[in-house]
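Asks: Before I ask anything, here is the structure I am working with.
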Amino acid sequence: MKSERCGKGEVLLRLYEELNEFLPLELRKKQFACPFAGSTTIRQLLSDIRVPLRKVDLILANGESVGLSHVVGDGERISLYPVFEAFDVAAIQRIRRRPLRRVSFVVDGSLKPLAARLRDMGYDAVLASARETVGRGNRIFLTRSRGKIARQGYSHALQLRANSPSQQLAEVLARLQLAPPR
């Protein structure tokens, strides 16, 4: 992907998961060279490749978390990540004060007690039967059935192993590294 400014160097850029949607097909899911001019920041680089800032939750430069004002260097490896669903990156992300992660759920109708417990904790949790009115968005589908995950077509899903609602809640919190929302 070419920068519209005169190149004075190039970074090795890699976008992950849904951020690839902003790239041409031939650059998706792989590292590629991206030229830059002079004193270019990550913010300008994102603008040049037309990736919206609101979609990026973590930026690594040579494996270290950096912010949008980081000035890129020739040959630097830049990795861009979207919202993490299963990991809380608050301690390492340097882009904004609070990460983009806002966890919400669509819960299989057979797990109604789990949905109630999640709502009691302050999470946005709707039953799967209400999904048409609420929309799937970035909700995580919770179910015990592997088949339902495939049939429903959710991009984010968690197949639970536990049987009791209290064990299911503990499993969701542990597997997604969640604490009660603030």
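Ordering of the structure tokens sets the chain letters (A, B, ...); residue numbers start at 1 within each chain; ligands are numbered from 1 in the order shown.
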Set the distance at 6 Å and use only C-alpha atoms: which residues neighbour A:Ala125 once local chain neighbours fewer than 3 positions away are removed? I'd like the list as an mmCIF file with C-alpha atoms, in the first residue's frame.
Replies:
```cif
data_model
loop_
_atom_site.group_PDB
_atom_site.id
_atom_site.type_symbol
_atom_site.label_atom_id
_atom_site.label_comp_id
_atom_site.auth_asym_id
_atom_site.auth_seq_id
_atom_site.Cartn_x
_atom_site.Cartn_y
_atom_site.Cartn_z
ATOM 1 C CA SER A 104 -22.247 -7.759 25.805
ATOM 2 C CA PHE A 105 -23.914 -11.107 25.284
ATOM 3 C CA VAL A 106 -26.614 -12.978 23.418
ATOM 4 C CA ALA A 115 -28.435 -14.316 31.341
ATOM 5 C CA ARG A 119 -27.541 -8.731 33.954
#
```
Asks: May I ask which of the residues A:Val71, A:Cys34, A:Leu23, A:Leu176 is the closest one to A:Pro52, counting only C-alpha atoms?
Replies: A:Leu23
Asks: Mind checking which residues fall within 8 Å of A:Pro82, counting only C-alpha atoms, ignoring those fewer than 2 positions away in the same chain, and posting them as an MDAnalysis selection string?
Replies: chainID A and resid 16:19 55:58 80 84
Asks: Which neighbours of A:Lys112 fall inside 12 Å, counting only C-alpha atoms, when residues of the same chain fewer than 2 positions from it are skipped, and could you give them as a list in words?
Replies: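 Surrounding residues, per the criterion: Phe105, Val106, Val107, Asp108, Gly109, Ser110, Leu114, Ala115, Ala116, Arg117, Leu118, Arg119, Ala125, Val126, Leu127, Ala128, Ser129, Leu142, Thr143, Ser164, Pro165, Gln168 and Leu169 of chain A.
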Asks: Those residues you just picked out, can you put them in a file as an mmCIF file, in the first residue's frame with C-alpha atoms?
Replies:
```cif
data_model
loop_
_atom_site.group_PDB
_atom_site.id
_atom_site.type_symbol
_atom_site.label_atom_id
_atom_site.label_comp_id
_atom_site.auth_asym_id
_atom_site.auth_seq_id
_atom_site.Cartn_x
_atom_site.Cartn_y
_atom_site.Cartn_z
ATOM 1 C CA PHE A 105 -23.914 -11.107 25.284
ATOM 2 C CA VAL A 106 -26.614 -12.978 23.418
ATOM 3 C CA VAL A 107 -27.441 -15.986 25.581
ATOM 4 C CA ASP A 108 -28.959 -19.222 24.298
ATOM 5 C CA GLY A 109 -32.553 -19.545 25.575
ATOM 6 C CA SER A 110 -31.639 -22.708 27.473
ATOM 7 C CA LEU A 114 -27.065 -17.325 33.239
ATOM 8 C CA ALA A 115 -28.435 -14.316 31.341
ATOM 9 C CA ALA A 116 -30.139 -13.109 34.528
ATOM 10 C CA ARG A 117 -26.914 -13.466 36.526
ATOM 11 C CA LEU A 118 -24.941 -11.541 33.915
ATOM 12 C CA ARG A 119 -27.541 -8.731 33.954
ATOM 13 C CA ALA A 125 -27.165 -9.793 28.190
ATOM 14 C CA VAL A 126 -30.192 -10.634 26.036
ATOM 15 C CA LEU A 127 -31.752 -13.994 25.260
ATOM 16 C CA ALA A 128 -31.161 -15.372 21.777
ATOM 17 C CA SER A 129 -34.891 -15.161 21.002
ATOM 18 C CA LEU A 142 -23.147 -18.022 24.879
ATOM 19 C CA THR A 143 -24.398 -21.589 24.486
ATOM 20 C CA SER A 164 -25.103 -25.089 36.701
ATOM 21 C CA PRO A 165 -25.749 -21.343 36.253
ATOM 22 C CA GLN A 168 -21.443 -21.164 33.887
ATOM 23 C CA LEU A 169 -21.064 -17.625 35.221
#
```
Asks: Name all residues at most 8 Å from A:Thr40 (count only C-alpha atoms; drop same-chain ones fewer than 3 positions away) and give them as JSON, numbers by chain.
Replies: {"A": [36, 37, 44, 45, 71, 72]}
Asks: If we count only C-alpha atoms, what is near A:Pro24 at a cut-off of 12 Å, once residues fewer than 2 positions away on the same chain are taken out, given as a ChimeraX atom specification?
Replies: /A:1-2,15,19-22,26-30,32,49-51
Asks: Using only C-alpha atoms, which of the listed residues (A:Lys8, A:Arg139, A:Arg161, A:Arg77) sits closest to A:Gly38?
Replies: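 Among the listed residues, A:Lys8 lies closest to A:Gly38.
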Asks: May I ask which of the residues A:Leu13, A:Leu178, A:Leu68, A:Ala157 is the closest one to A:Gly122, counting only C-alpha atoms?
Replies: A:Leu178
Asks: Can you tell me how far atom CA of A:Ala174 sits from atom CA of A:Leu111, in Å to one decimal?
Replies: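 Atom CA of A:Ala174 sits 17.5 Å away from atom CA of A:Leu111.
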Asks: Among stretch 13-58 of chain A, which residues does DSSP mark as helix (DSSP H, G or I) when it is run on the backbone? Keep the chain and numbering as in the structure and answer as a list of chain:residue names.
Replies: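 Everything in stretch 13-58 of chain A that counts as helix (DSSP H, G or I) is A:Glu17, A:Glu18, A:Leu19, A:Asn20, A:Glu21, A:Phe22, A:Leu25, A:Glu26, A:Leu27, A:Ile42, A:Arg43, A:Gln44, A:Leu45, A:Leu46, A:Ser47, A:Asp48, A:Leu53, A:Arg54, A:Lys55.
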Asks: Output the selection as an mmCIF file, in the first residue's frame - C-alpha atoms for each residue.
Replies:
```cif
data_model
loop_
_atom_site.group_PDB
_atom_site.id
_atom_site.type_symbol
_atom_site.label_atom_id
_atom_site.label_comp_id
_atom_site.auth_asym_id
_atom_site.auth_seq_id
_atom_site.Cartn_x
_atom_site.Cartn_y
_atom_site.Cartn_z
ATOM 1 C CA GLU A 17 -8.788 -9.844 12.469
ATOM 2 C CA GLU A 18 -11.532 -7.438 11.382
ATOM 3 C CA LEU A 19 -9.066 -4.594 10.724
ATOM 4 C CA ASN A 20 -8.155 -6.489 7.552
ATOM 5 C CA GLU A 21 -11.486 -5.364 6.077
ATOM 6 C CA PHE A 22 -9.890 -1.948 5.456
ATOM 7 C CA LEU A 25 -7.510 -8.379 -0.583
ATOM 8 C CA GLU A 26 -3.873 -8.967 -1.508
ATOM 9 C CA LEU A 27 -2.632 -7.337 1.733
ATOM 10 C CA ILE A 42 1.045 6.140 13.949
ATOM 11 C CA ARG A 43 -1.998 8.446 13.736
ATOM 12 C CA GLN A 44 -0.871 9.675 10.286
ATOM 13 C CA LEU A 45 -0.019 6.162 9.158
ATOM 14 C CA LEU A 46 -3.539 4.991 10.070
ATOM 15 C CA SER A 47 -4.988 7.930 8.152
ATOM 16 C CA ASP A 48 -2.820 7.100 5.128
ATOM 17 C CA LEU A 53 -8.885 5.158 14.850
ATOM 18 C CA ARG A 54 -12.065 4.067 16.623
ATOM 19 C CA LYS A 55 -11.523 0.503 15.356
#
```
Asks: For atom CA of A:Glu171 and atom CA of A:Arg102, quote the distance in Å rounded to one decimal.
Replies: 18.3 Å
Asks: Could you check how far atom CA of A:Leu160 sits from atom CA of A:Gln177, in Å to one decimal?
Replies: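 These two atoms are separated by 14.7 Å.
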Asks: Using only C-alpha atoms, which of the listed residues (A:Met121, A:Ile78, A:Leu158, A:Ala61) sits closest to A:Val172?
Replies: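 Residue with the minimum atom-to-atom distance to A:Val172: A:Leu158.
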Asks: Would you list the contacts of A:Gly75 as a short mmCIF file (atom, residue, chain, number, x, y, z; two decimals) with N, CA and C atoms, in the first residue's frame, taking every protein, DNA or RNA residue within 10 Å and counting only C-alpha atoms, but skipping same-chain residues closer than 5 positions in sequence?
Replies:
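selection23.cif, freshly written:
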```
data_model
loop_
_atom_site.label_atom_id
_atom_site.label_comp_id
_atom_site.auth_asym_id
_atom_site.auth_seq_id
_atom_site.Cartn_x
_atom_site.Cartn_y
_atom_site.Cartn_z
N GLY A 9 11.12 6.18 4.17
CA GLY A 9 11.34 4.92 4.87
C GLY A 9 10.11 4.07 4.70
N GLU A 10 10.18 2.90 5.32
CA GLU A 10 8.99 2.06 5.30
C GLU A 10 8.93 1.24 6.57
N VAL A 11 7.70 0.98 6.98
CA VAL A 11 7.46 0.12 8.14
C VAL A 11 6.89 -1.19 7.62
N LEU A 12 7.03 -2.22 8.43
CA LEU A 12 6.39 -3.50 8.14
C LEU A 12 5.11 -3.53 8.95
N LEU A 13 4.00 -3.53 8.28
CA LEU A 13 2.70 -3.36 8.90
C LEU A 13 1.92 -4.68 8.86
N ALA A 33 4.99 -4.12 3.45
CA ALA A 33 5.78 -2.89 3.58
C ALA A 33 4.89 -1.70 3.29
N CYS A 34 5.01 -0.68 4.14
CA CYS A 34 4.21 0.53 3.98
C CYS A 34 5.15 1.73 4.04
N PRO A 35 5.33 2.44 2.92
CA PRO A 35 6.23 3.59 2.91
C PRO A 35 5.65 4.76 3.72
N ASN A 62 7.44 -2.96 17.21
CA ASN A 62 8.51 -3.90 17.60
C ASN A 62 8.17 -4.61 18.90
#
```
